[in-house]
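Presented below is the structure to which this report refers.
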Amino acid sequence: MRIGFTYEKREDFVFRAGDPADAHSEFDRAATVQVISDAIVELGHDLVDIGAPAALIARGRSVADEVDIVFNIAEGYGTASREGWVPSILEALGVPFAGSDAASLNVTLNKGWTKMIVSHSGVRTAPFVLAEGADSIPDPFPLPFPVLAKPNREGSSKGISGDSISRDIAHLRERVDLITRSYRQQALIEAFLPGREFTIPILGTGNGARVFGDVISVTLPGGTGDVYGNEIVFDPYNPYAIAADIAPELRAEIAQLALTAFRAVGCRDFGRVDVRLDADGRPNFLEVNPLPALSREDAFSLAARYEGITYAGMIGAILDEALSRLGMKEQKNES
């Protein structure tokens, strides 16, 4: 098959005036783009290297004749709908693609919206409020301290650090002011969950969605303030390990919570859901990532190794989910 590949490389971006230090953290490194490209070729497909959303636009209608399906990991840049750019273009052109559609990508980028949707589906999540700035923090403040403040529309733990936990209103005002000025968006303030953190890779769509590999434990290094902040997202320290030490009942509860959330926001083919335990040891939804990192070091690759699947096999499994959903599996088998 002819597989189009849309992506950005972090090395291609330059900082603009006023950008925070982690502005480009969501974009994949060139090494990850290369290993995905190699995997597509290793699977026996013809790779059509497209690149960033602007490159897809430049190709115009011709892309519909050049590819059978697109493998998309492009994040977009700067707007509330940035993750939906590539899917929207492809949908308009009638080009099939692997992964979630523009609607799900745009909703899940907004953490507040996502928490509202999943809680309506019965998923437990920490109570939260949104603030436009330090002056808009509700008074009296409705949540018990400590709380954690973070940008409402960012991934890769952007805007989160060991100093993100506030234990009083004065510190919270400082954090919200920093977030809203630096990232030019609302701050999400939620009750801090003090328990262990887990991430759950998922393959499939709708009722066919399933945990890929197993529940994965996120072990935080010392000095991070008990949060998975941006300072360790791309650190050589690897926080991921199969959660082999948790009780079967807790594993099942975490897995079901993750699948319910994934389905509630309409994610497709592949994704990852983050979960954290509260003070009573109960799992709570943190967020869903429909464009999870696919480097060899990340949780999705760990899940593949746990399943005995090669890296190329992991990329093939994602493509197979999309092809099955689109009714293109037979076409693949014939090619």
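Identifiers in this document derive from the order of the structure tokens: chains are assigned A, B, ..., residues are numbered from 1 separately in each chain, and ligands are numbered from 1 in order of occurrence.
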- Contacts of stretch 167-176 of chain A within 12 Å, only C-alpha atoms, excl. fewer than 3 positions in-chain, as a VMD selection string: chain A and resid 129 to 152 159 to 164 179 to 192
Residue neighbourhood A:Phe27, 12 Å, only C-alpha atoms, exclusion window fewer than 5 positions, as a tab-separated table (two decimals) with C-alpha atoms, in the first residue's frame:
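Dumped to selection.tsv:
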chain	number	residue	atom	x	y	z
A	6	THR	CA	2.36	13.50	8.15
A	7	TYR	CA	4.47	14.82	11.01
A	8	GLU	CA	6.54	17.70	12.34
A	9	LYS	CA	10.18	17.58	13.46
A	10	ARG	CA	11.03	19.49	16.57
A	11	GLU	CA	14.38	20.42	15.08
A	12	ASP	CA	12.62	22.38	12.31
A	13	PHE	CA	10.97	24.88	14.65
A	22	ASP	CA	8.87	24.00	26.39
A	32	THR	CA	11.34	9.24	15.92
A	33	VAL	CA	10.12	10.42	12.50
A	52	ALA	CA	3.98	19.06	8.20
A	73	ILE	CA	1.36	12.17	14.06
A	74	ALA	CA	1.28	15.93	13.26
A	75	GLU	CA	0.43	18.11	16.26
A	76	GLY	CA	-0.12	21.47	14.56
A	77	TYR	CA	0.95	24.71	16.20
A	83	GLU	CA	-4.26	18.86	16.35
A	154	GLU	CA	-1.26	21.60	26.02
A	155	GLY	CA	0.34	18.17	25.84
A	156	SER	CA	3.71	16.66	26.75
A	158	LYS	CA	3.94	21.58	28.98
A	234	PHE	CA	12.45	14.11	27.32
A	291	LEU	CA	-1.53	11.33	19.47
A	292	PRO	CA	0.70	9.46	21.92
A	293	ALA	CA	4.47	9.52	21.60
A	294	LEU	CA	5.74	6.62	19.49
A	295	SER	CA	9.48	6.80	20.09
- Note on the structure: Using only C-alpha atoms, the residue out of A:Cys267, A:Ala261, A:Ile165, A:Leu319 with shortest distance to A:Gly4 is A:Leu319
- So which residues touch A:Leu105 within 10 Å, counting only C-alpha atoms, skipping near sequence neighbours fewer than 6 positions away, as a count of residues only? 15
- Task: Would you mind reading off the distance between atom CA of A:Ser301 and atom CA of A:Arg263, one decimal, in Å?
- Result: 21.9 Å
- Message: With DSSP run on the backbone, what are the strand (DSSP E or B) residues within stretch 253-294 of chain A? I'd like them as a ChimeraX atom specification.
- Response: /A:270-277,283-289
- Separation of atom CA of A:Val273 from atom CA of A:Ala258 in Å: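 Atom-to-atom, atom CA of A:Ala258 and atom CA of A:Val273 are spaced 5.6 Å apart.
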- Message: Based on the backbone DSSP call, show me all residues of stretch 23-106 of chain A assigned helix (DSSP H, G or I), as a ChimeraX atom specification.
- Response: /A:30-42,53-66,82-93,102-106
- Query: Got a sec: who's within 6 Å of stretch 217-220 of chain A, counting only C-alpha atoms, leaving out chain neighbours fewer than 3 positions off, as number ranges by chain?
  - Reply: A: 197-198, 239-243
Please, could you write that set of residues out with N, CA and C atoms as a compact mmCIF listing (two decimals), in the first residue's frame?
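The resulting file, selection08.txt, is reproduced below:
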# COMPACT_ATOMS: atom_id res chain seq x y z
N GLU A 197 0.77 7.10 39.61
CA GLU A 197 0.29 7.46 38.27
C GLU A 197 0.52 6.28 37.32
N PHE A 198 -0.45 6.12 36.40
CA PHE A 198 -0.38 5.04 35.42
C PHE A 198 -0.74 5.60 34.04
N PRO A 239 10.54 6.75 32.83
CA PRO A 239 9.64 6.55 33.97
C PRO A 239 8.72 5.34 33.83
N TYR A 240 8.77 4.62 32.69
CA TYR A 240 7.75 3.63 32.40
C TYR A 240 8.17 2.21 32.77
N ALA A 241 7.22 1.47 33.35
CA ALA A 241 7.42 0.05 33.63
C ALA A 241 6.06 -0.61 33.71
N ILE A 242 5.97 -1.85 33.28
CA ILE A 242 4.71 -2.58 33.42
C ILE A 242 4.35 -2.64 34.91
N ALA A 243 3.10 -2.32 35.22
CA ALA A 243 2.66 -2.27 36.63
C ALA A 243 2.38 -3.68 37.13
- Pick from A:Glu307, A:Glu253, A:Asp177, A:Glu321, whichever lies nearest to A:Gly271 using only C-alpha atoms: A:Glu321
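The smallest atom-to-atom distance between A:Asp274 and any of A:Glu249, A:Glu287, A:Asp19, A:Asp101, using only C-alpha atoms, is found for A:Glu287.
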- Task: Could you tell me which of A:Tyr311, A:Tyr306, A:Phe128, A:Phe270 comes closest to A:Leu286 if we count only C-alpha atoms?
- Result: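 When distances to A:Leu286 are compared using only C-alpha atoms, the smallest one comes from A:Phe128.
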- Between A:Met328, A:Ala39, A:Val211, A:Ala54, which one has atoms that come closest to A:Gln256, using only C-alpha atoms?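 Ranking A:Met328, A:Ala39, A:Val211, A:Ala54 by distance to A:Gln256, first place goes to A:Val211.
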